[in-house]
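Here is the structure we will look at.
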Amino acid sequence: MAVVEFTDTEFMICSAARLLEDRKTVFVGWGMPQVVAILAERLYTPHLVQLFEFGAVGPQSLTPFIRGTMGGPSNIYRSLQWINMNWAFSYAATGYIDYGMLGAAQVDQYGNLNSTFLGGTYEQPGRRFPGSGGGNEAASFVWKTIVVLKHEARRFVEKVDFLTSPGYLDGPGARERAGLPKDTGPWRVVTSKALFGFDEKTKKMRLLGVLKGLDPKEVIQGMGFTPLMAEKLLELEPPEDAELRLLREHIDPSGIIIRGEKMRAER
Amino acid sequence: MQGQVEVHFTHPDDFRRWVKENKSRDAVDKVMTEQEAVSRFVQDGAYLAYDFSSLTRGPQALIREIIRQRKRNLWICAEFTLHDSPLLVGGGCCTRIDVGFLGYGSYIGRAVCDGKVQVFDNTNGVLASRILAGARGVPFLPVRNFLGTDGLPHSGAKVINDPFTNDPICLVPALNPDVFMIHVHQADVYGNARIFGTNLFALEAAMASKRVIISAEEIIEPMEFRKDPGRTTIPFFLVDAVVHLPFGAYPGAMPGRYEIDLEHVDRLNAIQTEAQMQDHLERYIYGVKDHLEFLEKHVGWPKLKELMQKASIKEGYQ
């Protein structure tokens, strides 16, 4: 048995990359989702077609990842098409985009996301964040939304301070009643310790597994709601050597995205 | 659920009338300085949109000129606003922001918390749809996102039952900005313009806006557009001013021409307090008379050359 060391961010990235399917399409947001998509494309899903909201379709991003330049030439290198935002979102609105990957400051048990503000009121918030960006479009239109966020109990709340991007709203059928496209919604929540899905019937969040060596009870302790539990919890494998090598040596050697809290696990 | 807030809205017939009476179809030389373009076409209280971001092909030199001229009470369309909205708010120019993505640094977040600037939460897609509606000459467009959110009541959107499907549908109001500013790779003196790479809503926003200011890396011959018309982004009759501003996207990148100056961007990211903001504005904006002096005094040729050399990917940008 060997001990492997990694950051919480590296674990989230690897975990999310393993969820994507080859020969599918994915709506990719700025930052960590880009790194997930690049890792997946290099190791697992070489035919994945990425979509960037500002109009890059099918880019084959160059690495190392350069900070601050999602729209820059190296990130949108060798795309299939360069177009604009109204057409980019149209691909998602017409059902062509299978997956979407999003971060959030808060998530509730129905997968509703807040990336707008924390505390106070809308007019006078305690802390203000960037807001939706294109997150609302991804969460509304793609077939399966993957949420990626650091595992901190305070981020899992009974009610989000502001509903920026829709999950299952207040339960089964609520998306359709609101007028959102049918059969869409959050599919997985990837955190730095665990993986969650959603119950088919109740649309409530369900713990699917935790990082190998962690105690599931401790992992869900302090969350603002008690998630459902899968009958058999998965033991999530820590990052593979090949994944870590690619991340650290090729994709993000300066550690802009992959840095984080140190973790260790046995494998 | 209906958005019950103030919206920048123009009746399509009023916009058409304005176009008829104010937008010349005559191809005349519209080249002018940034001082003249901003003082003639950006009024206090104007609604301002721009394309793309402060890191990629944004009209940064024009934004600095707006701050230098101390324009007041602007309302901005903040699709990918990264470093521009903090500077505009810090300069006292902007009091309202339609948010898509409210960008970087703690300064702008704090300005919202302190009530220095009022935000209206749309989304990137909603803002793009609103501008498209403005360009189509219709009062709204129906969309199937934004539904179920807390943003909806803080925008001007409305939900009705769609007469075709009988499902709820979100109607987003058309947006016709007073001014649209875009930095392009190439333009001619009449305002025909080309950009290379992706864009947010370049043509839609140019069509939907009352005034269009173009800043260009390069001025080319009008015949070049006719030789390759598939690559024209914006035709001249939408355009009011052409400003020749090499490095006009600095400190952001101009794809295929020069890369981002990360050192300068870090200086912008580091601005937290009001004092730091005012120091920055004093040094880099108020303290120079124009874009050229800014480049000479605060950037310099060796740095510009380095940024040009870093832009080694040319495919698709020529």
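Ordering of the structure tokens sets the chain letters (A, B, ...); residue numbers start at 1 within each chain; ligands are numbered from 1 in the order shown.
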
**Report entry** Val219 of chain A environment, 12 Å, only C-alpha atoms, sequence neighbours closer than 6 positions dropped, as a PyMOL selection string
**Finding:** chain A and resi 151-153+156+191-196+207-213+226-227

Those residues you just picked out, can you put them in a file as a PDB file, in the first residue's frame with N, CA, C and O atoms?
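The resulting file, out-v7.pdb, is shown below:
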```
ATOM      1  N   HIS A 151     -15.080  21.014  -0.414  1.00  0.00           N
ATOM      2  CA  HIS A 151     -15.943  20.420   0.601  1.00  0.00           C
ATOM      3  C   HIS A 151     -15.839  21.185   1.917  1.00  0.00           C
ATOM      4  O   HIS A 151     -14.987  20.939   2.752  1.00  0.00           O
ATOM      5  N   GLU A 152     -16.733  22.143   2.090  1.00  0.00           N
ATOM      6  CA  GLU A 152     -16.823  22.863   3.356  1.00  0.00           C
ATOM      7  C   GLU A 152     -18.291  22.810   3.757  1.00  0.00           C
ATOM      8  O   GLU A 152     -19.161  23.164   2.949  1.00  0.00           O
ATOM      9  N   ALA A 153     -18.555  22.372   4.980  1.00  0.00           N
ATOM     10  CA  ALA A 153     -19.940  22.158   5.430  1.00  0.00           C
ATOM     11  C   ALA A 153     -20.802  23.390   5.202  1.00  0.00           C
ATOM     12  O   ALA A 153     -21.955  23.297   4.792  1.00  0.00           O
ATOM     13  N   PHE A 156     -22.905  23.824   2.050  1.00  0.00           N
ATOM     14  CA  PHE A 156     -24.095  22.993   1.836  1.00  0.00           C
ATOM     15  C   PHE A 156     -25.195  23.499   2.744  1.00  0.00           C
ATOM     16  O   PHE A 156     -25.174  23.266   3.951  1.00  0.00           O
ATOM     17  N   THR A 191     -16.892  17.091  -4.753  1.00  0.00           N
ATOM     18  CA  THR A 191     -16.235  17.933  -3.753  1.00  0.00           C
ATOM     19  C   THR A 191     -14.838  17.399  -3.473  1.00  0.00           C
ATOM     20  O   THR A 191     -14.429  16.385  -4.031  1.00  0.00           O
ATOM     21  N   SER A 192     -14.135  18.095  -2.589  1.00  0.00           N
ATOM     22  CA  SER A 192     -12.764  17.684  -2.274  1.00  0.00           C
ATOM     23  C   SER A 192     -12.729  16.468  -1.354  1.00  0.00           C
ATOM     24  O   SER A 192     -11.664  15.993  -1.014  1.00  0.00           O
ATOM     25  N   LYS A 193     -13.894  15.963  -0.959  1.00  0.00           N
ATOM     26  CA  LYS A 193     -13.911  14.755  -0.145  1.00  0.00           C
ATOM     27  C   LYS A 193     -14.895  13.705  -0.633  1.00  0.00           C
ATOM     28  O   LYS A 193     -14.815  12.546  -0.235  1.00  0.00           O
ATOM     29  N   ALA A 194     -15.878  14.120  -1.418  1.00  0.00           N
ATOM     30  CA  ALA A 194     -16.991  13.212  -1.699  1.00  0.00           C
ATOM     31  C   ALA A 194     -17.550  13.390  -3.100  1.00  0.00           C
ATOM     32  O   ALA A 194     -17.177  14.311  -3.831  1.00  0.00           O
ATOM     33  N   LEU A 195     -18.454  12.477  -3.429  1.00  0.00           N
ATOM     34  CA  LEU A 195     -19.204  12.566  -4.679  1.00  0.00           C
ATOM     35  C   LEU A 195     -20.679  12.368  -4.352  1.00  0.00           C
ATOM     36  O   LEU A 195     -21.055  11.407  -3.663  1.00  0.00           O
ATOM     37  N   PHE A 196     -21.517  13.279  -4.835  1.00  0.00           N
ATOM     38  CA  PHE A 196     -22.959  13.192  -4.621  1.00  0.00           C
ATOM     39  C   PHE A 196     -23.672  13.054  -5.958  1.00  0.00           C
ATOM     40  O   PHE A 196     -23.188  13.507  -6.985  1.00  0.00           O
ATOM     41  N   LEU A 207     -25.459  11.053  -1.161  1.00  0.00           N
ATOM     42  CA  LEU A 207     -24.022  10.754  -1.100  1.00  0.00           C
ATOM     43  C   LEU A 207     -23.759   9.449  -1.839  1.00  0.00           C
ATOM     44  O   LEU A 207     -24.385   8.419  -1.540  1.00  0.00           O
ATOM     45  N   LEU A 208     -22.847   9.511  -2.823  1.00  0.00           N
ATOM     46  CA  LEU A 208     -22.517   8.295  -3.589  1.00  0.00           C
ATOM     47  C   LEU A 208     -21.234   7.665  -3.103  1.00  0.00           C
ATOM     48  O   LEU A 208     -21.041   6.460  -3.226  1.00  0.00           O
ATOM     49  N   GLY A 209     -20.328   8.485  -2.580  1.00  0.00           N
ATOM     50  CA  GLY A 209     -19.057   7.917  -2.137  1.00  0.00           C
ATOM     51  C   GLY A 209     -18.184   8.976  -1.494  1.00  0.00           C
ATOM     52  O   GLY A 209     -18.448  10.178  -1.610  1.00  0.00           O
ATOM     53  N   VAL A 210     -17.145   8.500  -0.798  1.00  0.00           N
ATOM     54  CA  VAL A 210     -16.169   9.421  -0.210  1.00  0.00           C
ATOM     55  C   VAL A 210     -14.765   8.950  -0.573  1.00  0.00           C
ATOM     56  O   VAL A 210     -14.562   7.791  -0.947  1.00  0.00           O
ATOM     57  N   LEU A 211     -13.834   9.870  -0.462  1.00  0.00           N
ATOM     58  CA  LEU A 211     -12.433   9.546  -0.722  1.00  0.00           C
ATOM     59  C   LEU A 211     -12.001   8.387   0.164  1.00  0.00           C
ATOM     60  O   LEU A 211     -12.296   8.368   1.369  1.00  0.00           O
ATOM     61  N   LYS A 212     -11.313   7.451  -0.431  1.00  0.00           N
ATOM     62  CA  LYS A 212     -10.818   6.267   0.275  1.00  0.00           C
ATOM     63  C   LYS A 212     -10.156   6.661   1.598  1.00  0.00           C
ATOM     64  O   LYS A 212      -9.317   7.566   1.624  1.00  0.00           O
ATOM     65  N   GLY A 213     -10.580   6.006   2.672  1.00  0.00           N
ATOM     66  CA  GLY A 213      -9.980   6.264   3.981  1.00  0.00           C
ATOM     67  C   GLY A 213     -10.762   7.257   4.825  1.00  0.00           C
ATOM     68  O   GLY A 213     -10.520   7.369   6.028  1.00  0.00           O
ATOM     69  N   THR A 226     -29.242  16.908   5.626  1.00  0.00           N
ATOM     70  CA  THR A 226     -28.687  15.556   5.661  1.00  0.00           C
ATOM     71  C   THR A 226     -28.932  14.896   4.304  1.00  0.00           C
ATOM     72  O   THR A 226     -30.082  14.711   3.912  1.00  0.00           O
ATOM     73  N   PRO A 227     -27.863  14.601   3.595  1.00  0.00           N
ATOM     74  CA  PRO A 227     -28.065  14.003   2.279  1.00  0.00           C
ATOM     75  C   PRO A 227     -28.561  12.566   2.389  1.00  0.00           C
ATOM     76  O   PRO A 227     -28.322  11.897   3.405  1.00  0.00           O
TER      77      PRO A 227
END
```

For the structure I just gave you, how does DSSP split segment 22-148 of chain A - specifically, which residues are alpha helix (DSSP H)? Reply as a compact mmCIF listing (two decimals) with all heavy atoms, in the first residue's frame.
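New file part13.txt:
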```txt
# COMPACT_ATOMS: atom_id res chain seq x y z
N MET A 32 -11.17 26.14 -13.04
CA MET A 32 -11.04 24.72 -12.76
C MET A 32 -11.73 23.83 -13.80
O MET A 32 -11.15 22.82 -14.23
CB MET A 32 -11.55 24.41 -11.35
CG MET A 32 -10.98 23.10 -10.84
SD MET A 32 -11.87 22.44 -9.44
CE MET A 32 -11.82 23.81 -8.33
N PRO A 33 -12.95 24.15 -14.24
CA PRO A 33 -13.57 23.30 -15.27
C PRO A 33 -12.73 23.15 -16.53
O PRO A 33 -12.72 22.10 -17.16
CB PRO A 33 -14.89 24.03 -15.56
CG PRO A 33 -15.22 24.72 -14.29
CD PRO A 33 -13.90 25.17 -13.74
N GLN A 34 -12.00 24.24 -16.89
CA GLN A 34 -11.11 24.13 -18.06
C GLN A 34 -10.06 23.07 -17.83
O GLN A 34 -9.75 22.28 -18.71
CB GLN A 34 -10.39 25.46 -18.27
CG GLN A 34 -11.16 26.50 -19.02
CD GLN A 34 -10.32 27.76 -19.11
OE1 GLN A 34 -10.32 28.55 -18.18
NE2 GLN A 34 -9.61 27.94 -20.19
N VAL A 35 -9.47 23.08 -16.63
CA VAL A 35 -8.42 22.11 -16.33
C VAL A 35 -8.99 20.69 -16.30
O VAL A 35 -8.36 19.74 -16.80
CB VAL A 35 -7.71 22.47 -14.99
CG1 VAL A 35 -6.76 21.38 -14.56
CG2 VAL A 35 -6.97 23.79 -15.14
N VAL A 36 -10.19 20.53 -15.77
CA VAL A 36 -10.85 19.22 -15.78
C VAL A 36 -11.01 18.72 -17.22
O VAL A 36 -10.69 17.58 -17.54
CB VAL A 36 -12.25 19.29 -15.11
CG1 VAL A 36 -13.00 17.99 -15.29
CG2 VAL A 36 -12.11 19.63 -13.62
N ALA A 37 -11.51 19.60 -18.08
CA ALA A 37 -11.76 19.20 -19.46
C ALA A 37 -10.46 18.85 -20.19
O ALA A 37 -10.41 17.88 -20.94
CB ALA A 37 -12.51 20.31 -20.20
N ILE A 38 -9.41 19.61 -19.92
CA ILE A 38 -8.13 19.32 -20.58
C ILE A 38 -7.60 17.96 -20.09
O ILE A 38 -7.16 17.13 -20.88
CB ILE A 38 -7.10 20.44 -20.33
CG1 ILE A 38 -7.58 21.76 -20.93
CG2 ILE A 38 -5.74 20.06 -20.92
CD1 ILE A 38 -6.73 22.98 -20.53
N LEU A 39 -7.67 17.74 -18.79
CA LEU A 39 -7.18 16.46 -18.24
C LEU A 39 -7.98 15.29 -18.82
O LEU A 39 -7.40 14.27 -19.24
CB LEU A 39 -7.32 16.47 -16.70
CG LEU A 39 -6.83 15.21 -15.98
CD1 LEU A 39 -5.31 15.09 -16.05
CD2 LEU A 39 -7.29 15.21 -14.52
N ALA A 40 -9.29 15.44 -18.87
CA ALA A 40 -10.14 14.38 -19.40
C ALA A 40 -9.80 14.11 -20.87
O ALA A 40 -9.65 12.97 -21.29
CB ALA A 40 -11.61 14.76 -19.26
N GLU A 41 -9.63 15.20 -21.62
CA GLU A 41 -9.35 15.06 -23.05
C GLU A 41 -8.01 14.34 -23.29
O GLU A 41 -7.90 13.50 -24.16
CB GLU A 41 -9.32 16.47 -23.65
CG GLU A 41 -9.27 16.54 -25.15
CD GLU A 41 -9.06 17.97 -25.59
OE1 GLU A 41 -7.91 18.42 -25.69
OE2 GLU A 41 -10.07 18.66 -25.81
N ARG A 42 -7.03 14.66 -22.45
CA ARG A 42 -5.71 14.04 -22.65
C ARG A 42 -5.69 12.58 -22.20
O ARG A 42 -5.00 11.76 -22.76
CB ARG A 42 -4.64 14.80 -21.86
CG ARG A 42 -4.50 16.26 -22.19
CD ARG A 42 -3.55 16.50 -23.35
NE ARG A 42 -3.74 17.86 -23.86
CZ ARG A 42 -3.00 18.92 -23.47
NH1 ARG A 42 -2.03 18.75 -22.60
NH2 ARG A 42 -3.23 20.10 -23.99
N LEU A 43 -6.45 12.23 -21.15
CA LEU A 43 -6.34 10.88 -20.58
C LEU A 43 -7.50 9.96 -20.90
O LEU A 43 -7.32 8.76 -21.08
CB LEU A 43 -6.21 10.96 -19.05
CG LEU A 43 -4.84 11.29 -18.47
CD1 LEU A 43 -4.92 11.27 -16.95
CD2 LEU A 43 -3.77 10.33 -18.95
N MET A 85 -21.52 34.67 -28.54
CA MET A 85 -22.23 34.14 -27.37
C MET A 85 -23.65 33.68 -27.68
O MET A 85 -24.07 32.63 -27.22
CB MET A 85 -22.25 35.20 -26.28
CG MET A 85 -22.87 34.67 -25.02
SD MET A 85 -22.60 35.75 -23.63
CE MET A 85 -20.98 35.29 -23.10
N ASN A 86 -24.39 34.47 -28.47
CA ASN A 86 -25.77 34.04 -28.75
C ASN A 86 -25.81 32.68 -29.44
O ASN A 86 -26.66 31.85 -29.12
CB ASN A 86 -26.49 35.11 -29.58
CG ASN A 86 -27.05 36.22 -28.69
OD1 ASN A 86 -27.74 35.94 -27.70
ND2 ASN A 86 -26.72 37.46 -29.01
N TRP A 87 -24.88 32.43 -30.35
CA TRP A 87 -24.87 31.12 -31.01
C TRP A 87 -24.32 30.04 -30.09
O TRP A 87 -24.78 28.89 -30.13
CB TRP A 87 -24.10 31.18 -32.32
CG TRP A 87 -24.87 31.86 -33.41
CD1 TRP A 87 -24.51 33.02 -34.05
CD2 TRP A 87 -26.12 31.47 -33.96
NE1 TRP A 87 -25.49 33.36 -34.96
CE2 TRP A 87 -26.48 32.43 -34.93
CE3 TRP A 87 -26.99 30.40 -33.73
CZ2 TRP A 87 -27.66 32.35 -35.67
CZ3 TRP A 87 -28.17 30.32 -34.46
CH2 TRP A 87 -28.50 31.28 -35.43
N ALA A 88 -23.33 30.39 -29.27
CA ALA A 88 -22.77 29.38 -28.36
C ALA A 88 -23.86 28.84 -27.44
O ALA A 88 -24.03 27.62 -27.28
CB ALA A 88 -21.62 29.98 -27.54
N PHE A 89 -24.65 29.74 -26.84
CA PHE A 89 -25.72 29.28 -25.95
C PHE A 89 -26.82 28.56 -26.73
O PHE A 89 -27.53 27.73 -26.17
CB PHE A 89 -26.29 30.45 -25.15
CG PHE A 89 -25.39 30.90 -24.03
CD1 PHE A 89 -25.14 32.25 -23.83
CD2 PHE A 89 -24.81 29.97 -23.17
CE1 PHE A 89 -24.31 32.66 -22.79
CE2 PHE A 89 -23.98 30.39 -22.13
CZ PHE A 89 -23.73 31.73 -21.96
N SER A 90 -26.97 28.89 -28.01
CA SER A 90 -27.98 28.20 -28.81
C SER A 90 -27.68 26.70 -28.92
O SER A 90 -28.59 25.89 -28.96
CB SER A 90 -28.07 28.81 -30.21
OG SER A 90 -28.47 30.16 -30.10
N TYR A 91 -26.39 26.34 -28.98
CA TYR A 91 -26.05 24.92 -29.00
C TYR A 91 -26.61 24.22 -27.75
O TYR A 91 -27.10 23.09 -27.81
CB TYR A 91 -24.54 24.70 -29.06
CG TYR A 91 -23.92 25.01 -30.41
CD1 TYR A 91 -22.99 26.04 -30.55
CD2 TYR A 91 -24.28 24.30 -31.54
CE1 TYR A 91 -22.43 26.33 -31.77
CE2 TYR A 91 -23.72 24.59 -32.78
CZ TYR A 91 -22.79 25.62 -32.89
OH TYR A 91 -22.25 25.91 -34.10
N ALA A 92 -26.50 24.88 -26.63
CA ALA A 92 -27.00 24.29 -25.38
C ALA A 92 -28.53 24.31 -25.35
O ALA A 92 -29.17 23.34 -24.95
CB ALA A 92 -26.43 25.04 -24.18
N ALA A 93 -29.12 25.40 -25.84
CA ALA A 93 -30.58 25.55 -25.78
C ALA A 93 -31.29 24.53 -26.65
O ALA A 93 -32.43 24.14 -26.37
CB ALA A 93 -30.97 26.97 -26.19
N GLY A 135 -23.19 30.69 -16.08
CA GLY A 135 -23.57 29.53 -15.27
C GLY A 135 -25.05 29.21 -15.35
O GLY A 135 -25.45 28.04 -15.43
N ASN A 136 -25.88 30.24 -15.33
CA ASN A 136 -27.32 30.01 -15.40
C ASN A 136 -27.71 29.30 -16.70
O ASN A 136 -28.56 28.41 -16.70
CB ASN A 136 -28.08 31.34 -15.29
CG ASN A 136 -29.56 31.14 -15.49
OD1 ASN A 136 -30.05 31.22 -16.61
ND2 ASN A 136 -30.27 30.82 -14.42
N GLU A 137 -27.08 29.68 -17.80
CA GLU A 137 -27.40 29.06 -19.08
C GLU A 137 -27.00 27.58 -19.06
O GLU A 137 -27.75 26.72 -19.52
CB GLU A 137 -26.67 29.79 -20.23
CG GLU A 137 -27.30 31.13 -20.60
CD GLU A 137 -27.15 32.22 -19.55
OE1 GLU A 137 -26.11 32.23 -18.86
OE2 GLU A 137 -28.06 33.05 -19.42
N ALA A 138 -25.81 27.30 -18.52
CA ALA A 138 -25.37 25.90 -18.44
C ALA A 138 -26.34 25.10 -17.59
O ALA A 138 -26.84 24.05 -17.98
CB ALA A 138 -23.95 25.83 -17.88
N ALA A 139 -26.65 25.61 -16.39
CA ALA A 139 -27.51 24.88 -15.46
C ALA A 139 -28.94 24.74 -15.99
O ALA A 139 -29.66 23.82 -15.62
CB ALA A 139 -27.53 25.58 -14.10
N SER A 140 -29.36 25.65 -16.87
CA SER A 140 -30.70 25.58 -17.42
C SER A 140 -30.78 24.64 -18.62
O SER A 140 -31.77 23.95 -18.80
CB SER A 140 -31.17 26.97 -17.89
OG SER A 140 -31.19 27.87 -16.82
N PHE A 141 -29.74 24.62 -19.45
CA PHE A 141 -29.86 24.00 -20.77
C PHE A 141 -29.18 22.64 -20.94
O PHE A 141 -29.64 21.83 -21.74
CB PHE A 141 -29.26 24.91 -21.84
CG PHE A 141 -30.02 26.18 -22.10
CD1 PHE A 141 -29.35 27.37 -22.37
CD2 PHE A 141 -31.41 26.19 -22.11
CE1 PHE A 141 -30.03 28.54 -22.65
CE2 PHE A 141 -32.11 27.36 -22.38
CZ PHE A 141 -31.42 28.54 -22.65
```

Report task. Return the neighbours of chain A among the residues of chain B, cut-off 6 Å, counting only C-alpha atoms, as a ChimeraX atom specification. Result -> /B:100-103,109,113,123-124,144-145,148-150,167-169,198-200

Report task. Using only C-alpha atoms, determine which residues lie at most 12 Å from Val190 of chain A, disregarding the query and same-chain residues fewer than 6 positions distant; provide the list as a PyMOL selection string. Result -> chain A and resi 8-19+33+36+101-104+107+111+145-151+196-197+205-211+236

Take the residues that were just selected and, keeping N, CA and C atoms, output them as a short mmCIF file (atom, residue, chain, number, x, y, z; two decimals), in the first residue's frame.
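In the end it all went to again-v6.cif:
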```cif
data_model
loop_
_atom_site.label_atom_id
_atom_site.label_comp_id
_atom_site.auth_asym_id
_atom_site.auth_seq_id
_atom_site.Cartn_x
_atom_site.Cartn_y
_atom_site.Cartn_z
N ASP A 8 -6.48 19.20 -2.33
CA ASP A 8 -7.93 18.99 -2.43
C ASP A 8 -8.43 19.34 -3.85
N THR A 9 -7.80 20.36 -4.44
CA THR A 9 -8.19 20.76 -5.79
C THR A 9 -7.85 19.67 -6.80
N GLU A 10 -6.64 19.09 -6.65
CA GLU A 10 -6.26 18.02 -7.58
C GLU A 10 -7.24 16.86 -7.51
N PHE A 11 -7.69 16.54 -6.30
CA PHE A 11 -8.65 15.44 -6.16
C PHE A 11 -9.96 15.77 -6.85
N MET A 12 -10.44 16.99 -6.66
CA MET A 12 -11.69 17.39 -7.32
C MET A 12 -11.56 17.33 -8.83
N ILE A 13 -10.45 17.82 -9.34
CA ILE A 13 -10.23 17.84 -10.79
C ILE A 13 -10.23 16.42 -11.36
N CYS A 14 -9.50 15.52 -10.68
CA CYS A 14 -9.41 14.14 -11.18
C CYS A 14 -10.77 13.45 -11.09
N SER A 15 -11.44 13.66 -9.97
CA SER A 15 -12.76 13.08 -9.76
C SER A 15 -13.74 13.51 -10.85
N ALA A 16 -13.72 14.80 -11.15
CA ALA A 16 -14.64 15.33 -12.16
C ALA A 16 -14.26 14.83 -13.55
N ALA A 17 -12.96 14.76 -13.83
CA ALA A 17 -12.51 14.32 -15.17
C ALA A 17 -12.95 12.89 -15.44
N ARG A 18 -13.01 12.07 -14.39
CA ARG A 18 -13.40 10.66 -14.57
C ARG A 18 -14.90 10.52 -14.85
N LEU A 19 -15.66 11.56 -14.62
CA LEU A 19 -17.12 11.48 -14.85
C LEU A 19 -17.51 11.72 -16.31
N PRO A 33 -12.95 24.15 -14.24
CA PRO A 33 -13.57 23.30 -15.27
C PRO A 33 -12.73 23.15 -16.53
N VAL A 36 -10.19 20.53 -15.77
CA VAL A 36 -10.85 19.22 -15.78
C VAL A 36 -11.01 18.72 -17.22
N MET A 101 -20.18 22.08 -16.55
CA MET A 101 -19.43 22.02 -15.30
C MET A 101 -19.34 23.39 -14.67
N LEU A 102 -19.76 23.49 -13.41
CA LEU A 102 -19.90 24.78 -12.75
C LEU A 102 -19.38 24.75 -11.32
N GLY A 103 -18.88 25.86 -10.85
CA GLY A 103 -18.57 26.02 -9.43
C GLY A 103 -19.70 26.77 -8.75
N ALA A 104 -19.63 26.93 -7.44
CA ALA A 104 -20.64 27.71 -6.70
C ALA A 104 -20.12 28.02 -5.31
N VAL A 107 -24.60 25.47 -2.27
CA VAL A 107 -25.51 24.56 -2.95
C VAL A 107 -26.50 24.03 -1.92
N GLY A 111 -29.67 20.94 -5.36
CA GLY A 111 -28.65 21.32 -6.34
C GLY A 111 -28.81 22.72 -6.89
N THR A 145 -25.73 18.53 -15.39
CA THR A 145 -24.83 19.54 -14.82
C THR A 145 -23.97 18.89 -13.73
N ILE A 146 -22.68 19.15 -13.81
CA ILE A 146 -21.75 18.69 -12.77
C ILE A 146 -21.31 19.93 -11.98
N VAL A 147 -21.51 19.88 -10.67
CA VAL A 147 -21.13 20.99 -9.81
C VAL A 147 -19.83 20.61 -9.12
N VAL A 148 -18.86 21.50 -9.14
CA VAL A 148 -17.58 21.21 -8.51
C VAL A 148 -17.33 22.26 -7.43
N LEU A 149 -17.20 21.83 -6.18
CA LEU A 149 -16.90 22.81 -5.13
C LEU A 149 -16.13 22.17 -3.97
N LYS A 150 -15.37 23.04 -3.30
CA LYS A 150 -14.56 22.61 -2.17
C LYS A 150 -15.49 22.10 -1.07
N HIS A 151 -15.08 21.01 -0.41
CA HIS A 151 -15.94 20.42 0.60
C HIS A 151 -15.84 21.18 1.92
N PHE A 196 -21.52 13.28 -4.84
CA PHE A 196 -22.96 13.19 -4.62
C PHE A 196 -23.67 13.05 -5.96
N GLY A 197 -24.85 12.41 -5.90
CA GLY A 197 -25.75 12.40 -7.05
C GLY A 197 -27.09 12.92 -6.58
N MET A 205 -30.31 15.47 -2.92
CA MET A 205 -28.91 15.09 -3.05
C MET A 205 -28.62 13.80 -2.28
N ARG A 206 -27.82 12.95 -2.90
CA ARG A 206 -27.50 11.66 -2.27
C ARG A 206 -26.00 11.44 -2.30
N LEU A 207 -25.46 11.05 -1.16
CA LEU A 207 -24.02 10.75 -1.10
C LEU A 207 -23.76 9.45 -1.84
N LEU A 208 -22.85 9.51 -2.82
CA LEU A 208 -22.52 8.29 -3.59
C LEU A 208 -21.23 7.67 -3.10
N GLY A 209 -20.33 8.48 -2.58
CA GLY A 209 -19.06 7.92 -2.14
C GLY A 209 -18.18 8.98 -1.49
N VAL A 210 -17.14 8.50 -0.80
CA VAL A 210 -16.17 9.42 -0.21
C VAL A 210 -14.76 8.95 -0.57
N LEU A 211 -13.83 9.87 -0.46
CA LEU A 211 -12.43 9.55 -0.72
C LEU A 211 -12.00 8.39 0.16
N LEU A 236 -13.84 6.39 -3.23
CA LEU A 236 -13.27 7.14 -4.36
C LEU A 236 -11.75 7.05 -4.33
#
```

Query raised in the report: Looking only at the backbone, which of the residues in segment 145-188 of chain A does DSSP tag as strand (DSSP E), as a ChimeraX atom specification?
Result: /A:145-149,186-188

Report task. Please measure the separation of atom CA of Leu281 of chain B and atom CA of Leu268 of chain B, giving the value in Å to one decimal. Result ->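 According to the coordinates, atom CA of Leu281 of chain B and atom CA of Leu268 of chain B are separated by 10.3 Å.
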
Long-range neighbours of Arg259 of chain A as an mmCIF file with N, CA and C atoms, in the first residue's frame, 7 Å cut-off, only C-alpha atoms, 2 positions minimum in chain:
```cif
data_model
loop_
_atom_site.group_PDB
_atom_site.id
_atom_site.type_symbol
_atom_site.label_atom_id
_atom_site.label_comp_id
_atom_site.auth_asym_id
_atom_site.auth_seq_id
_atom_site.Cartn_x
_atom_site.Cartn_y
_atom_site.Cartn_z
ATOM 1 N N THR A 7 -3.410 17.752 -3.562
ATOM 2 C CA THR A 7 -4.182 18.850 -2.972
ATOM 3 C C THR A 7 -5.672 18.529 -3.129
ATOM 4 N N THR A 9 -7.796 20.358 -4.438
ATOM 5 C CA THR A 9 -8.194 20.755 -5.786
ATOM 6 C C THR A 9 -7.846 19.672 -6.804
ATOM 7 N N GLY A 255 0.886 25.940 -10.893
ATOM 8 C CA GLY A 255 -0.025 25.705 -9.770
ATOM 9 C C GLY A 255 -1.097 26.762 -9.582
ATOM 10 N N ILE A 256 -1.462 27.444 -10.662
ATOM 11 C CA ILE A 256 -2.464 28.514 -10.554
ATOM 12 C C ILE A 256 -3.806 27.942 -10.102
ATOM 13 N N ILE A 257 -4.170 26.820 -10.702
ATOM 14 C CA ILE A 257 -5.465 26.231 -10.415
ATOM 15 C C ILE A 257 -5.341 25.083 -9.406
#
```

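A straight line drawn from atom CA of Leu228 of chain A to atom CA of Gln106 of chain A is 18.3 Å long.
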
Report task. Using only C-alpha atoms, determine which residues lie at most 8 Å from Phe9 of chain B, disregarding the query and same-chain residues fewer than 3 positions distant; provide the list as a list in words. Result -> Pro173, Ala174, Leu175 and Asn176 of chain B

Report task. Please identify all polymer residues within 10 Å of Leu295 of chain B, counting only C-alpha atoms, omitting same-chain residues fewer than 2 positions from it, and present them as JSON, numbers by chain. Result -> {"B": [246, 247, 248, 250, 284, 288, 290, 291, 292, 293, 297, 298, 299, 300, 301, 303, 304]}
